[in-house]
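Structure below is query.cif: mmCIF, C-alpha atoms.
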data_model
#
loop_
_atom_site.group_PDB
_atom_site.id
_atom_site.type_symbol
_atom_site.label_atom_id
_atom_site.label_comp_id
_atom_site.auth_asym_id
_atom_site.auth_seq_id
_atom_site.Cartn_x
_atom_site.Cartn_y
_atom_site.Cartn_z
ATOM 1 C CA MET E 1 204.319 181.017 58.743
ATOM 2 C CA LYS E 2 204.603 177.267 59.106
ATOM 3 C CA ASP E 3 203.578 177.455 62.789
ATOM 4 C CA ASN E 4 200.453 179.432 61.863
ATOM 5 C CA THR E 5 199.582 176.897 59.179
ATOM 6 C CA ASN E 6 199.993 174.043 61.661
ATOM 7 C CA ILE E 7 197.707 175.822 64.131
ATOM 8 C CA LEU E 8 195.099 176.314 61.389
ATOM 9 C CA ILE E 9 195.367 172.631 60.420
ATOM 10 C CA ILE E 10 194.805 171.569 64.037
ATOM 11 C CA ILE E 11 191.824 173.929 64.387
ATOM 12 C CA THR E 12 190.352 172.676 61.100
ATOM 13 C CA TRP E 13 190.729 169.047 62.162
ATOM 14 C CA GLY E 14 189.083 169.870 65.495
ATOM 15 C CA ILE E 15 186.130 171.533 63.781
ATOM 16 C CA LEU E 16 185.773 168.678 61.298
ATOM 17 C CA LEU E 17 185.899 165.977 63.976
ATOM 18 C CA ALA E 18 183.414 167.826 66.185
ATOM 19 C CA SER E 19 181.064 168.313 63.211
ATOM 20 C CA VAL E 20 181.294 164.657 62.203
ATOM 21 C CA SER E 21 180.590 163.694 65.808
ATOM 22 C CA VAL E 22 177.452 165.852 65.851
ATOM 23 C CA LEU E 23 176.292 164.402 62.524
ATOM 24 C CA LEU E 24 176.846 160.821 63.687
ATOM 25 C CA ASN E 25 175.001 161.523 66.937
ATOM 26 C CA ASP E 26 172.056 162.991 65.009
ATOM 27 C CA MET E 27 171.994 159.935 62.784
ATOM 28 C CA ARG E 28 172.121 157.637 65.814
ATOM 29 C CA GLU E 29 169.146 159.410 67.362
ATOM 30 C CA PHE E 30 167.191 159.162 64.133
ATOM 31 C CA ASP E 31 164.536 156.447 64.127
ATOM 32 C CA PHE E 32 165.834 153.876 61.659
ATOM 33 C CA ASN E 33 163.256 151.362 62.848
ATOM 34 C CA GLN E 34 160.885 153.027 60.397
ATOM 35 C CA PHE E 35 162.617 151.127 57.608
ATOM 36 C CA LYS E 36 161.661 147.826 59.232
ATOM 37 C CA GLU E 37 158.096 149.038 59.736
ATOM 38 C CA PHE E 38 157.941 150.086 56.096
ATOM 39 C CA GLN E 39 159.074 146.644 54.972
ATOM 40 C CA ASN E 40 156.413 145.029 57.160
ATOM 41 C CA TRP E 41 153.796 147.408 55.772
ATOM 42 C CA ALA E 42 154.861 146.605 52.200
ATOM 43 C CA LYS E 43 154.192 142.907 52.855
ATOM 44 C CA THR E 44 150.731 143.454 54.325
ATOM 45 C CA ALA E 45 149.555 146.546 52.422
ATOM 46 C CA ASN E 46 146.214 146.637 50.669
ATOM 47 C CA LYS E 47 147.179 146.667 46.997
ATOM 48 C CA LYS E 48 144.018 148.556 46.031
ATOM 49 C CA GLU E 49 144.745 151.486 48.339
ATOM 50 C CA SER E 50 146.647 154.373 46.779
ATOM 51 C CA TRP E 51 150.215 154.197 48.025
ATOM 52 C CA PHE E 52 150.933 157.909 47.664
ATOM 53 C CA THR E 53 148.192 158.955 50.061
ATOM 54 C CA SER E 54 148.704 156.263 52.679
ATOM 55 C CA LYS E 55 150.056 157.156 56.124
ATOM 56 C CA ASN E 56 153.066 154.882 55.720
ATOM 57 C CA ALA E 57 154.008 156.457 52.404
ATOM 58 C CA ILE E 58 153.983 159.881 53.998
ATOM 59 C CA GLN E 59 156.114 158.598 56.874
ATOM 60 C CA TRP E 60 158.442 156.914 54.412
ATOM 61 C CA SER E 61 158.772 160.203 52.530
ATOM 62 C CA TYR E 62 159.664 161.947 55.778
ATOM 63 C CA TYR E 63 162.404 159.442 56.495
ATOM 64 C CA ALA E 64 163.736 159.517 52.940
ATOM 65 C CA ILE E 65 163.900 163.324 53.009
ATOM 66 C CA SER E 66 165.554 163.231 56.435
ATOM 67 C CA ALA E 67 168.156 160.811 55.058
ATOM 68 C CA GLY E 68 168.716 163.298 52.223
ATOM 69 C CA LEU E 69 169.304 166.042 54.783
ATOM 70 C CA PHE E 70 171.885 163.834 56.525
ATOM 71 C CA PHE E 71 173.582 163.267 53.165
ATOM 72 C CA TRP E 72 173.809 166.987 52.432
ATOM 73 C CA ARG E 73 175.189 167.721 55.897
ATOM 74 C CA GLY E 74 177.871 165.101 55.254
ATOM 75 C CA TYR E 75 178.540 166.677 51.861
ATOM 76 C CA LEU E 76 179.014 170.054 53.539
ATOM 77 C CA LEU E 77 181.548 168.486 55.901
ATOM 78 C CA TYR E 78 183.291 167.016 52.877
ATOM 79 C CA GLY E 79 183.529 170.566 51.527
ATOM 80 C CA PHE E 80 185.162 171.711 54.737
ATOM 81 C CA SER E 81 187.787 169.001 54.333
ATOM 82 C CA TYR E 82 189.122 170.893 51.317
ATOM 83 C CA PHE E 83 190.417 173.523 53.736
ATOM 84 C CA LEU E 84 192.950 170.938 54.896
ATOM 85 C CA SER E 85 194.111 170.453 51.305
ATOM 86 C CA ILE E 86 194.463 174.198 50.844
ATOM 87 C CA LEU E 87 196.455 174.494 54.068
ATOM 88 C CA LYS E 88 198.731 171.645 52.969
ATOM 89 C CA GLU E 89 199.440 173.458 49.677
ATOM 90 C CA ILE E 90 200.160 176.670 51.581
ATOM 91 C CA GLU E 91 202.440 174.784 53.965
ATOM 92 C CA ASN E 92 204.387 173.509 50.936
ATOM 93 C CA GLY E 93 204.745 177.083 49.665
ATOM 94 C CA ASN E 94 202.324 176.650 46.752
ATOM 95 C CA TYR E 95 200.142 179.643 47.530
ATOM 96 C CA PHE E 96 198.652 180.192 44.077
ATOM 97 C CA SER E 97 198.658 176.618 42.812
ATOM 98 C CA ASP E 98 196.102 175.193 40.420
ATOM 99 C CA LYS E 99 195.042 172.850 43.221
ATOM 100 C CA ASN E 100 194.143 175.746 45.527
ATOM 101 C CA ILE E 101 192.159 177.403 42.750
ATOM 102 C CA LYS E 102 190.313 174.128 42.138
ATOM 103 C CA TYR E 103 189.698 173.613 45.872
ATOM 104 C CA PHE E 104 188.238 177.103 46.310
ATOM 105 C CA LYS E 105 185.858 176.477 43.407
ATOM 106 C CA LYS E 106 184.828 173.109 44.885
ATOM 107 C CA ILE E 107 184.152 174.652 48.285
ATOM 108 C CA GLY E 108 182.057 177.364 46.645
ATOM 109 C CA ASN E 109 180.102 174.756 44.669
ATOM 110 C CA ILE E 110 179.497 172.634 47.746
ATOM 111 C CA PHE E 111 178.249 175.582 49.833
ATOM 112 C CA ILE E 112 175.824 176.700 47.129
ATOM 113 C CA TRP E 113 174.551 173.188 46.304
ATOM 114 C CA TYR E 114 174.110 172.427 49.990
ATOM 115 C CA THR E 115 172.017 175.540 50.528
ATOM 116 C CA VAL E 116 169.786 175.010 47.497
ATOM 117 C CA ASN E 117 169.183 171.313 48.148
ATOM 118 C CA VAL E 118 168.531 171.658 51.863
ATOM 119 C CA LEU E 119 166.021 174.429 51.181
ATOM 120 C CA ILE E 120 164.266 172.143 48.690
ATOM 121 C CA LEU E 121 164.251 169.212 51.129
ATOM 122 C CA ARG E 122 162.928 171.380 53.953
ATOM 123 C CA PHE E 123 160.187 172.629 51.658
ATOM 124 C CA LEU E 124 159.283 169.004 50.861
ATOM 125 C CA LEU E 125 159.203 168.178 54.583
ATOM 126 C CA ALA E 126 156.757 171.014 55.084
ATOM 127 C CA ALA E 127 154.693 169.807 52.122
ATOM 128 C CA ILE E 128 154.167 166.394 53.719
ATOM 129 C CA GLY E 129 153.244 168.062 56.987
ATOM 130 C CA LYS E 130 156.196 167.091 59.177
ATOM 131 C CA SER E 131 157.479 170.646 59.657
ATOM 132 C CA THR E 132 156.724 174.254 58.957
ATOM 133 C CA PHE E 133 158.405 176.137 56.160
ATOM 134 C CA ASN E 134 158.767 179.839 55.642
ATOM 135 C CA PHE E 135 161.244 180.578 52.863
ATOM 136 C CA PHE E 136 162.517 183.817 54.356
ATOM 137 C CA ASN E 137 162.844 182.385 57.861
ATOM 138 C CA GLU E 138 164.713 179.358 56.503
ATOM 139 C CA LEU E 139 166.984 181.612 54.477
ATOM 140 C CA LYS E 140 167.668 183.870 57.450
ATOM 141 C CA ALA E 141 168.049 181.144 60.018
ATOM 142 C CA GLU E 142 170.788 178.955 58.629
ATOM 143 C CA PHE E 143 171.619 179.771 55.063
ATOM 144 C CA THR E 144 172.081 183.528 54.911
ATOM 145 C CA PHE E 145 175.828 183.248 54.894
ATOM 146 C CA LEU E 146 176.372 180.052 52.874
ATOM 147 C CA ILE E 147 175.461 181.360 49.407
ATOM 148 C CA PRO E 148 177.492 184.585 49.794
ATOM 149 C CA VAL E 149 180.390 182.581 51.235
ATOM 150 C CA GLY E 150 180.139 180.134 48.318
ATOM 151 C CA LEU E 151 180.265 183.055 45.891
ATOM 152 C CA ALA E 152 183.181 184.530 47.858
ATOM 153 C CA PHE E 153 185.107 181.294 47.339
ATOM 154 C CA PHE E 154 184.518 181.575 43.580
ATOM 155 C CA ILE E 155 185.857 185.145 43.745
ATOM 156 C CA LEU E 156 188.805 183.952 45.816
ATOM 157 C CA ALA E 157 189.529 181.280 43.201
ATOM 158 C CA GLU E 158 189.551 183.964 40.502
ATOM 159 C CA ILE E 159 191.858 186.162 42.593
ATOM 160 C CA PHE E 160 194.230 183.239 43.099
ATOM 161 C CA LYS E 161 194.139 182.499 39.375
ATOM 162 C CA ARG E 162 195.096 186.073 38.522
ATOM 163 C CA ALA E 163 197.767 186.072 41.214
ATOM 164 C CA LYS E 164 199.185 182.887 39.701
ATOM 165 C CA ASP E 165 199.237 184.495 36.254
ATOM 166 C CA THR E 166 200.971 187.570 37.694
ATOM 167 C CA GLU E 167 203.468 185.326 39.493
ATOM 168 C CA LYS E 168 204.266 183.570 36.183
ATOM 169 C CA GLU E 169 204.729 186.930 34.456
ATOM 170 C CA ASN E 170 207.103 188.063 37.187
ATOM 171 C CA GLU E 171 209.129 184.870 36.860
ATOM 172 C CA LEU E 172 209.480 185.436 33.120
ATOM 173 C CA THR E 173 210.584 189.039 33.662
ATOM 174 C CA ILE E 174 213.435 188.107 35.947
#

Would you mind writing the structure in this file as structure tokens?
Amino acid sequence: MKDNTNILIIITWGILLASVSVLLNDMREFDFNQFKEFQNWAKTANKKESWFTSKNAIQWSYYAISAGLFFWRGYLLYGFSYFLSILKEIENGNYFSDKNIKYFKKIGNIFIWYTVNVLILRFLLAAIGKSTFNFFNELKAEFTFLIPVGLAFFILAEIFKRAKDTEKENELTI
């Protein structure tokens, strides 16, 4: 069992490192020079012009929303890191520990929050005209599995909780 757990830990680390690498590469390719341009625009902007309808404000909104998308992708990776904690508990023989129950609930929360917030941010990107948005296509494309998987982790947490209670009952019986 310990060998299988070690293999799963290595695979999980590999997936996490590859995902972080992809995220960092995406961030590197992102045009952060816009922040400098925005600062220059703020110094020379016509104070009488409405800021919310100006071209720079719309571009700034695009970059702020894109930064939010980067944040949520990082948050999803953070959720995946809980798998390592679960595997460590399993390796120590604590299959139905309170920590594992808590970790499953956190993973479920993270998956659901990620999905909801990224859908909202993508809708906002479409609203400012930087992308297209079709709710059902967005839901099908990337997020179809994340909400059910998040709910499955909540169910798994409940199963582990009941298994822990049953384990305690069995210990008392012996």

Got a sec: who's within 9 Å of stretch 105-118 of chain E, counting all atoms listed in the file, leaving out chain neighbours fewer than 5 positions off, as a short mmCIF file (atom, residue, chain, number, x, y, z; two decimals) with C-alpha atoms, in the coordinates of the input?
data_model
loop_
_atom_site.label_atom_id
_atom_site.label_comp_id
_atom_site.auth_asym_id
_atom_site.auth_seq_id
_atom_site.Cartn_x
_atom_site.Cartn_y
_atom_site.Cartn_z
CA GLY E 68 168.72 163.30 52.22
CA LEU E 69 169.30 166.04 54.78
CA TRP E 72 173.81 166.99 52.43
CA ARG E 73 175.19 167.72 55.90
CA TYR E 75 178.54 166.68 51.86
CA LEU E 76 179.01 170.05 53.54
CA TYR E 78 183.29 167.02 52.88
CA GLY E 79 183.53 170.57 51.53
CA PHE E 80 185.16 171.71 54.74
CA TYR E 82 189.12 170.89 51.32
CA PHE E 83 190.42 173.52 53.74
CA ASN E 100 194.14 175.75 45.53
CA PHE E 123 160.19 172.63 51.66
CA LEU E 139 166.98 181.61 54.48
CA GLU E 142 170.79 178.96 58.63
CA PHE E 143 171.62 179.77 55.06
CA LEU E 146 176.37 180.05 52.87
CA ILE E 147 175.46 181.36 49.41
CA PRO E 148 177.49 184.58 49.79
CA VAL E 149 180.39 182.58 51.24
CA GLY E 150 180.14 180.13 48.32
CA LEU E 151 180.26 183.06 45.89
CA ALA E 152 183.18 184.53 47.86
CA PHE E 153 185.11 181.29 47.34
CA PHE E 154 184.52 181.58 43.58
CA ILE E 155 185.86 185.14 43.74
CA LEU E 156 188.80 183.95 45.82
CA ALA E 157 189.53 181.28 43.20
CA GLU E 158 189.55 183.96 40.50
#

Check your understanding: To one decimal place, how far is atom CA of E:Leu121 from atom CA of E:Ile65 in Å?
Key ->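 Value for the atom CA of E:Leu121-atom CA of E:Ile65 distance: 6.2 Å.
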
Review point. Residues at most 9 Å from E:Ser66, counting all atoms listed in the file, excluding those fewer than 6 positions away in the same chain, as JSON, numbers by chain?
Key: {"E": [30, 121, 122, 125]}

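When all atoms listed in the file are used to compute distances to E:Leu84, the closest of the residues E:Tyr62, E:Ala127, E:Lys168, E:Phe104 turns out to be E:Phe104.
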
Exercise for review: Compare E:Lys102, E:Phe71, E:Tyr95, E:Glu171 by their minimum atom-to-atom distance to E:Leu23, counting all atoms listed in the file, and give me the closest one.
Suggested key: E:Phe71

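When all atoms listed in the file are used to compute distances to E:Ile159, the closest of the residues E:Ile10, E:Ile128, E:Ile101, E:Ala64 turns out to be E:Ile101.
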
Excluding same-chain residues fewer than 4 positions from stretch 96-99 of chain E, what lies within 8 Å of it counting all atoms listed in the file, as an mmCIF file with C-alpha atoms, keeping the file's coordinate frame?
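Written out: result_13.cif:
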data_model
loop_
_atom_site.group_PDB
_atom_site.id
_atom_site.type_symbol
_atom_site.label_atom_id
_atom_site.label_comp_id
_atom_site.auth_asym_id
_atom_site.auth_seq_id
_atom_site.Cartn_x
_atom_site.Cartn_y
_atom_site.Cartn_z
ATOM 1 C CA ILE E 86 194.463 174.198 50.844
ATOM 2 C CA GLU E 89 199.440 173.458 49.677
ATOM 3 C CA TYR E 103 189.698 173.613 45.872
ATOM 4 C CA PHE E 160 194.230 183.239 43.099
ATOM 5 C CA LYS E 161 194.139 182.499 39.375
ATOM 6 C CA ALA E 163 197.767 186.072 41.214
ATOM 7 C CA LYS E 164 199.185 182.887 39.701
#

Review point. Nearest to E:Ile9: which of E:Thr144, E:Ser85, E:Thr173, E:Thr166 is it, counting all atoms listed in the file?
Key: E:Ser85

**Study point:** Å distance separating atom CA of E:Ala18 from atom CA of E:Phe145, one decimal place
**Key:** 20.6 Å

Centre, x/y/z edge lengths, axis-aligned box for stretch 58-67 of chain E with 4 Å per side, as lines of an AutoDock Vina configuration file:
center_x = 161.1
center_y = 160.1
center_z = 54.7
size_x = 22.2
size_y = 14.4
size_z = 12.3

Practice item. Kindly give the distance, in Å, that separates atom CA of E:Leu77 and atom CA of E:Arg28, rounded to a single decimal. Key: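 Distance reported for this atom pair: 17.5 Å.
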
Practice item. Can you pull out every residue within 8 Å of E:Glu91, counting only C-alpha atoms, but drop anything in the same chain fewer than 3 positions away, and send it as JSON, numbers by chain? Key: {"E": [2, 5, 87, 88, 94]}
